[in-house]
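Worksheet: one structure, shown below.
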Amino acid sequence: MQAFLHQVLSGFATGGIYASVALALVMIYQSTHHVNFAQGEMATFSTYMAWKMITIGFPYWVAFLLTLLFAFVLGVAIERIIVRPFYKAPVLSVIAVFIGLLLIINSLSGALFDYTIKPFPSPFPSDAWYGGPYLSPHEVGMIFVTFVMLALIFVFFRFTPLGLAMRAAAENPVSSRLCGVRVGWMLALGWGLAGLIGAVAGMMTAPVIYLDPYMMFSVLLYGFAGALLGGIDNPWGAVLGGFIVGVLQNIAGAYLVGTELMVTVALVIIIGILVIKPSGLFGRPIVTRV
Amino acid sequence: MTAILETRGLSAAYGPTRVLQSIDLSVPERGIVTLLGANGAGKTTTLRALCNMMVRVSGEIRFEGRRIDGKATEDIVRLGIGHVPDGRGTLVSLSVEENLRLGAYTRRDARVAQDFELVYGYFPRLKERRRQQAGTLSGGEQQMLAISRALMLRPKLLLLDEPSFGLAPLVVQEIFRILRTINEQEGMSMLLVEQNANIALELANEAYLLETGRIMLSGPAATIGSDESVRRAYLGY
Ligand SMILES: Nc1ncnc2c1ncn2[C@@H]1O[C@H](COP(=O)(O)OP(=O)(O)OP(=O)(O)O)[C@@H](O)[C@H]1O
Ligand SMILES: [Mg+2]
């Protein structure tokens with residue numbers, strides 16, 4: 001029982017990471033109707049930035065904040081420069097752009113920081129008082145950071161004029177323009193925020209699974225599974241989906257399939273949802289727009 | 001009387017299809033002008049062309065004497081042009097109140113709170129439903145919301161695309177009464193596109209008649225309303 005509880009809680013901790021990635025995917029999906037396959041690589045690249053800053057002596061939290069800024073600017077720049085010209089392009093070209101982006105950022109990480117696996121520090125000391133029998137201090141800290149971030153994002157979208165304008169721009173660009181909203185910039189801001197969320201996920205994951213250019217590959221898969229499970233057009237459903245996937249994955253890994261086959265769990269979830277309930281648990285049914 | 005809005009040789013096209021052919025139109029300061037015409041004449045397209053949205057535009061458009069043609073839609077809106085679009089443009093996943101907050105998005109003045117009460121005063125139904133998701137409103141309620149959203153911008157010029165569409169006759173009367181009040185009290189100029197020519201001519205000072213993308217007739221609303229051919233074609237008597 002104690003072991004089971006441990007699996008659930010630590011699944012909850014990793015679930016927070018998947019939830020963050022799922023949220024980032026949904027934010028971009030809502031405005032572009034595409035899944036940003038490069039989301040994970042953007043996060044990895046930002047995490048490398050954090051690693052570099054920490055290695056050359058920046059205090060952890062300074063590096064953390066600077067990395068958020070970097071990730072935000074990177075997201076905005078990618079939208080403005082690379083993605084924007086393709087908004088009216090056919091679906092396949094857009095997918096090609098996203099995959100190209102994935103490969104480019106991935107090789108860039110490898111070229112700049114080489115492919116060796118690097119340890120990444122946790123800001124939560126392993127003997128901290130908030131660790132316990134069920135969760136390590138890093139897992140506790142990870143849950144805390146994820147929750148603070150999700151809460152801030154929620155407040156931003158719910159209660160600020162800018163958040164409102166971003167939601168409106170994603171839903172109905174024409175009407176939003178008629179209210180004076182600069183829709184193009186709202187989409188870019190969405191990419192910036194998604195990049196920032198991904199960077200937090202990357203920096204929280206890296207101490208657990210080590211830093212290498214492929215670090216976020218499976219995380220993105222789980223995050224995508226979470227987004228689909230919760231509903232790709234429903235941000236808070238996707239967050240919940242991410243947590244569910246995290247817990248399921250841990251339990252399945254411990255009791256059903258073993259750790260080698262854990263990634264299969266994500267694929268099974270993805271295919272299962274697409275077959276049984278494509279709109280996810282909390283999403284609206286997907287209607288193809290013509 | 002000086003014109004708040006003036007177009008010269010305004011043409012518009014969707015891709016290769018030309019829809020408007022060199023339209024000259026003028027809306028006087030504090031005036032109400034109505035644009036009448038059959039289905040497909042180009043009324044909606046005219047309003048879109050003024051806001052540079054969804055159509056390719058050529059020709060001159062002046063707002064308060066300054067050229068606005070070629071500007072981005074959101075910049076035109078920020079100059080003080082409100083638009084109640086064809087199809088209402090409801091932001092369906094937002095609440096009624098969020099729709100109105102979005103209408104006031106560009107404003108930083110202190111009268112926003114007051115204007116909420118103003119539009120809720122005009123349309124008490126919206127106040128009752130202010131927490132409701134706007135997509136679940138009835139068609140008529142969404143039309144009220146579209147007008148209110150545009151009013152929250154506190155525009156100098158209001159473009160209205162068939163505000164009577166889908167509304168019960170009593171509600172139409174009510175809305176036109178409100179539009180008259182706003183025009184008189186706030187001095188807001190209006191360009192009104194309508195199918196319901198009777199009620200539009202009653203409200204407007206001036207009228208234009210559009211036929212397949214050209215202005216066929218224009219003049220004081222009363223004169224147009226008593227024109228024999230207009231009466232037969234648009235007023236039904
Ligand atoms: N998005 C579009 N793409 C191509 N053609 C269009 C588009 N929108 C309108 N048109 C064409 O432009 C012409 C004018 O349309 P418009 O909507 O301006 O007419 P309208 O006067 O508003 O008619 P109604 O009274 O039915 O609303 C029509 O022939 C229409 O088919
Ligand atoms: Mg029309």
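A note on labels: chains of the structure tokens are A, B, ... as shown, every chain counts residues from 1, and ligands are counted from 1 in their shown order.
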Exercise for review: Show which residues sit within 10 Å of Ser93 of chain B, as a list in words. Count only C-alpha atoms, and ignore same-chain residues fewer than 4 positions away.
Suggested key: Arg167, Ala168, Glu171 and Asn172 of chain A; Glu98, Asn99, Gln132, Gln133, Ala134, Gly135 and Thr136 of chain B
Same residues, N, CA and C atoms, output as a PDB file, in the first residue's frame:
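Heads up, here's the output in result35.pdb:
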```
ATOM      1  N   ARG A 167      -7.218  35.161 -25.331  1.00  0.00           N
ATOM      2  CA  ARG A 167      -8.246  34.131 -25.522  1.00  0.00           C
ATOM      3  C   ARG A 167      -9.133  34.492 -26.700  1.00  0.00           C
ATOM      4  N   ALA A 168      -9.519  35.766 -26.769  1.00  0.00           N
ATOM      5  CA  ALA A 168     -10.410  36.215 -27.840  1.00  0.00           C
ATOM      6  C   ALA A 168      -9.736  36.062 -29.200  1.00  0.00           C
ATOM      7  N   GLU A 171      -9.783  32.606 -30.401  1.00  0.00           N
ATOM      8  CA  GLU A 171     -11.099  32.084 -30.757  1.00  0.00           C
ATOM      9  C   GLU A 171     -11.660  32.717 -32.029  1.00  0.00           C
ATOM     10  N   ASN A 172     -11.591  34.019 -32.126  1.00  0.00           N
ATOM     11  CA  ASN A 172     -12.241  34.714 -33.241  1.00  0.00           C
ATOM     12  C   ASN A 172     -11.424  35.958 -33.623  1.00  0.00           C
TER      13      ASN A 172
ATOM     14  N   GLU B  98     -17.373  39.278 -20.443  1.00  0.00           N
ATOM     15  CA  GLU B  98     -16.051  39.298 -21.083  1.00  0.00           C
ATOM     16  C   GLU B  98     -16.133  39.860 -22.498  1.00  0.00           C
ATOM     17  N   ASN B  99     -17.227  39.557 -23.213  1.00  0.00           N
ATOM     18  CA  ASN B  99     -17.431  40.155 -24.528  1.00  0.00           C
ATOM     19  C   ASN B  99     -17.432  41.673 -24.427  1.00  0.00           C
ATOM     20  N   GLN B 132     -23.206  34.295 -18.231  1.00  0.00           N
ATOM     21  CA  GLN B 132     -23.487  33.190 -19.133  1.00  0.00           C
ATOM     22  C   GLN B 132     -22.511  33.194 -20.304  1.00  0.00           C
ATOM     23  N   GLN B 133     -22.227  31.990 -20.813  1.00  0.00           N
ATOM     24  CA  GLN B 133     -21.373  31.875 -22.001  1.00  0.00           C
ATOM     25  C   GLN B 133     -22.126  32.467 -23.193  1.00  0.00           C
ATOM     26  N   ALA B 134     -21.462  33.378 -23.909  1.00  0.00           N
ATOM     27  CA  ALA B 134     -22.172  34.157 -24.934  1.00  0.00           C
ATOM     28  C   ALA B 134     -22.718  33.291 -26.060  1.00  0.00           C
ATOM     29  N   GLY B 135     -22.055  32.156 -26.329  1.00  0.00           N
ATOM     30  CA  GLY B 135     -22.527  31.270 -27.394  1.00  0.00           C
ATOM     31  C   GLY B 135     -23.885  30.667 -27.094  1.00  0.00           C
ATOM     32  N   THR B 136     -24.298  30.687 -25.821  1.00  0.00           N
ATOM     33  CA  THR B 136     -25.585  30.094 -25.476  1.00  0.00           C
ATOM     34  C   THR B 136     -26.719  31.121 -25.489  1.00  0.00           C
TER      35      THR B 136
END
```
Point to revise | Contacts of Arg84 of chain A within 9 Å, only C-alpha atoms, excl. fewer than 6 positions in-chain, as JSON, numbers by chain | key: {"A": [78, 184, 188]}
**Study point:** All helix (DSSP H, G or I) residues (DSSP, backbone) inside segment 29-236 of chain A, as an MDAnalysis selection string
**Key:** chainID A and resid 29:32 39:55 60:86 91:113 137:159 161:171 173:178 183:209 216:230 235:236
Practice item. Show me which residues sit within 8 Å of ligand 2 when counting only C-alpha atoms and all ligand atoms, and put them as a ChimeraX atom specification. Key: /B:39-40,42-45,86,161-162,193
So that I have them on file, write out the residues from the current selection with C-alpha atoms, as a JSON list (two decimals), in the first residue's frame.
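For reference, result-v8.json as written:
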```json
[["chain", "number", "residue", "atom", "x", "y", "z"],
["B", 39, "ASN", "CA", -29.20, 40.88, -51.15],
["B", 40, "GLY", "CA", -25.72, 40.70, -52.59],
["B", 42, "GLY", "CA", -22.42, 44.87, -51.53],
["B", 43, "LYS", "CA", -23.62, 46.48, -48.30],
["B", 44, "THR", "CA", -21.66, 44.20, -45.99],
["B", 45, "THR", "CA", -18.68, 44.51, -48.28],
["B", 86, "ASP", "CA", -22.66, 40.83, -40.23],
["B", 161, "ASP", "CA", -24.69, 45.67, -40.38],
["B", 162, "GLU", "CA", -28.35, 44.77, -40.19],
["B", 193, "VAL", "CA", -26.96, 48.89, -43.33]]
```
Point to revise | Close residues, Ser109 of chain A itself excluded, 12 Å, only C-alpha atoms, min 2 positions apart in chain, as number ranges by chain | key: A: 40-49, 51-52, 102-107, 111-117, 211-215
Show me which residues are within 10 Å of ligand 1 counting only C-alpha atoms and all ligand atoms, and format the list as a PDB file with C-alpha atoms, in the first residue's frame.
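In the end it all went to selection16.pdb:
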```pdb
ATOM      1  CA  ALA B  12     -13.428  46.345 -53.230  1.00  0.00           C
ATOM      2  CA  ALA B  13     -12.860  42.780 -54.387  1.00  0.00           C
ATOM      3  CA  TYR B  14     -12.763  39.260 -53.014  1.00  0.00           C
ATOM      4  CA  GLY B  15      -9.871  37.708 -54.905  1.00  0.00           C
ATOM      5  CA  PRO B  16     -10.591  38.320 -58.580  1.00  0.00           C
ATOM      6  CA  THR B  17     -14.283  39.129 -57.986  1.00  0.00           C
ATOM      7  CA  ARG B  18     -14.927  42.858 -57.949  1.00  0.00           C
ATOM      8  CA  VAL B  19     -17.845  43.682 -55.730  1.00  0.00           C
ATOM      9  CA  LEU B  20     -17.779  47.459 -55.181  1.00  0.00           C
ATOM     10  CA  LEU B  35     -27.152  52.170 -46.880  1.00  0.00           C
ATOM     11  CA  LEU B  36     -29.926  50.197 -48.545  1.00  0.00           C
ATOM     12  CA  GLY B  37     -29.842  47.546 -51.226  1.00  0.00           C
ATOM     13  CA  ALA B  38     -30.934  44.086 -52.240  1.00  0.00           C
ATOM     14  CA  ASN B  39     -29.201  40.882 -51.154  1.00  0.00           C
ATOM     15  CA  GLY B  40     -25.724  40.703 -52.594  1.00  0.00           C
ATOM     16  CA  ALA B  41     -25.618  44.386 -53.528  1.00  0.00           C
ATOM     17  CA  GLY B  42     -22.415  44.870 -51.530  1.00  0.00           C
ATOM     18  CA  LYS B  43     -23.622  46.478 -48.296  1.00  0.00           C
ATOM     19  CA  THR B  44     -21.664  44.197 -45.986  1.00  0.00           C
ATOM     20  CA  THR B  45     -18.677  44.506 -48.282  1.00  0.00           C
ATOM     21  CA  THR B  46     -18.823  48.298 -47.986  1.00  0.00           C
ATOM     22  CA  LEU B  47     -18.613  48.126 -44.191  1.00  0.00           C
ATOM     23  CA  ARG B  48     -15.778  45.579 -44.437  1.00  0.00           C
ATOM     24  CA  ALA B  49     -13.917  47.795 -46.884  1.00  0.00           C
ATOM     25  CA  MET B  54     -11.537  40.417 -45.486  1.00  0.00           C
ATOM     26  CA  VAL B  55     -11.592  42.378 -48.765  1.00  0.00           C
ATOM     27  CA  ASP B  86     -22.657  40.827 -40.227  1.00  0.00           C
ATOM     28  CA  GLY B  87     -23.379  37.608 -38.317  1.00  0.00           C
ATOM     29  CA  ASP B 161     -24.695  45.674 -40.376  1.00  0.00           C
ATOM     30  CA  GLU B 162     -28.355  44.770 -40.194  1.00  0.00           C
ATOM     31  CA  PHE B 165     -31.598  40.815 -38.301  1.00  0.00           C
ATOM     32  CA  VAL B 193     -26.956  48.891 -43.327  1.00  0.00           C
ATOM     33  CA  GLU B 194     -30.497  47.537 -43.277  1.00  0.00           C
ATOM     34  CA  GLN B 195     -32.889  45.191 -45.054  1.00  0.00           C
ATOM     35  CA  LEU B 210     -26.645  50.380 -53.569  1.00  0.00           C
ATOM     36  CA  GLU B 211     -27.223  48.139 -56.584  1.00  0.00           C
ATOM     37  CA  THR B 212     -24.670  45.519 -57.641  1.00  0.00           C
ATOM     38  CA  GLY B 213     -21.804  47.460 -56.182  1.00  0.00           C
TER      39      GLY B 213
END
```
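From atom CA of Ile153 of chain A back to atom CA of Leu5 of chain A, the distance works out to 29.2 Å.
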Practice item. With a distance cut-off of 12 Å and only C-alpha atoms, select the neighbouring residues of Val239 of chain A, excluding the residue or stretch itself and same-chain residues fewer than 6 positions from it, and output the selection as a VMD selection string. Key: chain A and resid 12 15 to 27 146 to 147 149 to 151 153 to 154 222 to 233 245 to 246 281 to 282
Taking only C-alpha atoms into account, produce a table as JSON lines in which each residue of chain B with an atom at most 7 Å from an atom of chain A appears once, together with its shortest atom pair and the distance in Å to one decimal, ordered by chain and rising number.
```
{"residue": "B:Thr73", "atom": "CA", "partner": "A:Arg177", "partner_atom": "CA", "distance": 6.2}
{"residue": "B:Glu74", "atom": "CA", "partner": "A:Gly180", "partner_atom": "CA", "distance": 4.3}
{"residue": "B:Asp75", "atom": "CA", "partner": "A:Gly180", "partner_atom": "CA", "distance": 6.8}
{"residue": "B:Val77", "atom": "CA", "partner": "A:Gly180", "partner_atom": "CA", "distance": 5.5}
{"residue": "B:Arg78", "atom": "CA", "partner": "A:Gly180", "partner_atom": "CA", "distance": 5.7}
{"residue": "B:His83", "atom": "CA", "partner": "A:Leu178", "partner_atom": "CA", "distance": 6.4}
{"residue": "B:Gly89", "atom": "CA", "partner": "A:Ser175", "partner_atom": "CA", "distance": 5.5}
{"residue": "B:Leu91", "atom": "CA", "partner": "A:Asn172", "partner_atom": "CA", "distance": 6.4}
{"residue": "B:Leu102", "atom": "CA", "partner": "A:Cys179", "partner_atom": "CA", "distance": 6.4}
{"residue": "B:Gly103", "atom": "CA", "partner": "A:Cys179", "partner_atom": "CA", "distance": 5.2}
{"residue": "B:Tyr105", "atom": "CA", "partner": "A:Pro161", "partner_atom": "CA", "distance": 6.7}
{"residue": "B:Thr106", "atom": "CA", "partner": "A:Gly180", "partner_atom": "CA", "distance": 6.2}
```
Exercise for review: Check segment 20-96 of chain B with DSSP on the backbone and list each residue it calls strand (DSSP E), as a ChimeraX atom specification.
Suggested key: /B:20-28,32-37,56-63,66-67,81-84
Exercise for review: Please provide the set of residues having any atom within 12 Å of Val171 of chain B, restricted to only C-alpha atoms, with same-chain residues fewer than 3 positions apart removed, written as a PyMOL selection string.
Suggested key: chain B and resi 122-123+125+139-141+143-144+163-168+174-178
Put those residues in a file: N, CA and C atoms, as a compact mmCIF listing (two decimals), in the first residue's frame.
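Okay, selection.txt is ready:
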```txt
# COMPACT_ATOMS: atom_id res chain seq x y z
N TYR B 122 -29.52 49.82 -21.29
CA TYR B 122 -30.19 49.66 -22.58
C TYR B 122 -30.74 48.25 -22.74
N PHE B 123 -29.92 47.27 -22.34
CA PHE B 123 -30.30 45.87 -22.53
C PHE B 123 -30.23 45.11 -21.21
N ARG B 125 -31.53 42.51 -20.31
CA ARG B 125 -31.37 41.07 -20.54
C ARG B 125 -29.90 40.66 -20.45
N GLY B 139 -30.36 34.28 -30.59
CA GLY B 139 -29.90 35.13 -31.69
C GLY B 139 -30.11 36.60 -31.40
N GLY B 140 -31.29 36.93 -30.90
CA GLY B 140 -31.60 38.32 -30.60
C GLY B 140 -30.70 38.87 -29.51
N GLU B 141 -30.46 38.06 -28.50
CA GLU B 141 -29.59 38.50 -27.40
C GLU B 141 -28.16 38.71 -27.90
N GLN B 143 -27.40 39.69 -30.86
CA GLN B 143 -27.41 40.94 -31.60
C GLN B 143 -27.28 42.12 -30.63
N MET B 144 -28.00 42.04 -29.50
CA MET B 144 -27.88 43.09 -28.48
C MET B 144 -26.44 43.15 -27.97
N PRO B 163 -28.66 45.48 -37.90
CA PRO B 163 -28.90 45.23 -36.47
C PRO B 163 -30.28 44.65 -36.21
N SER B 164 -31.19 44.75 -37.16
CA SER B 164 -32.54 44.22 -36.92
C SER B 164 -32.63 42.73 -37.26
N PHE B 165 -31.55 42.19 -37.81
CA PHE B 165 -31.60 40.81 -38.30
C PHE B 165 -31.94 39.82 -37.18
N GLY B 166 -33.00 39.05 -37.43
CA GLY B 166 -33.36 37.98 -36.50
C GLY B 166 -34.02 38.44 -35.22
N LEU B 167 -34.40 39.72 -35.17
CA LEU B 167 -35.02 40.21 -33.94
C LEU B 167 -36.53 40.36 -34.12
N ALA B 168 -37.25 40.15 -33.02
CA ALA B 168 -38.70 40.35 -33.05
C ALA B 168 -39.00 41.83 -33.28
N GLU B 174 -37.29 48.78 -30.20
CA GLU B 174 -36.55 49.15 -29.00
C GLU B 174 -35.11 49.52 -29.35
N ILE B 175 -34.48 48.69 -30.16
CA ILE B 175 -33.08 48.94 -30.52
C ILE B 175 -32.94 50.23 -31.32
N PHE B 176 -33.86 50.47 -32.23
CA PHE B 176 -33.77 51.70 -33.02
C PHE B 176 -34.04 52.93 -32.15
N ARG B 177 -34.88 52.76 -31.16
CA ARG B 177 -35.11 53.87 -30.22
C ARG B 177 -33.81 54.16 -29.46
N ILE B 178 -33.14 53.08 -29.06
CA ILE B 178 -31.87 53.24 -28.33
C ILE B 178 -30.82 53.90 -29.22
```
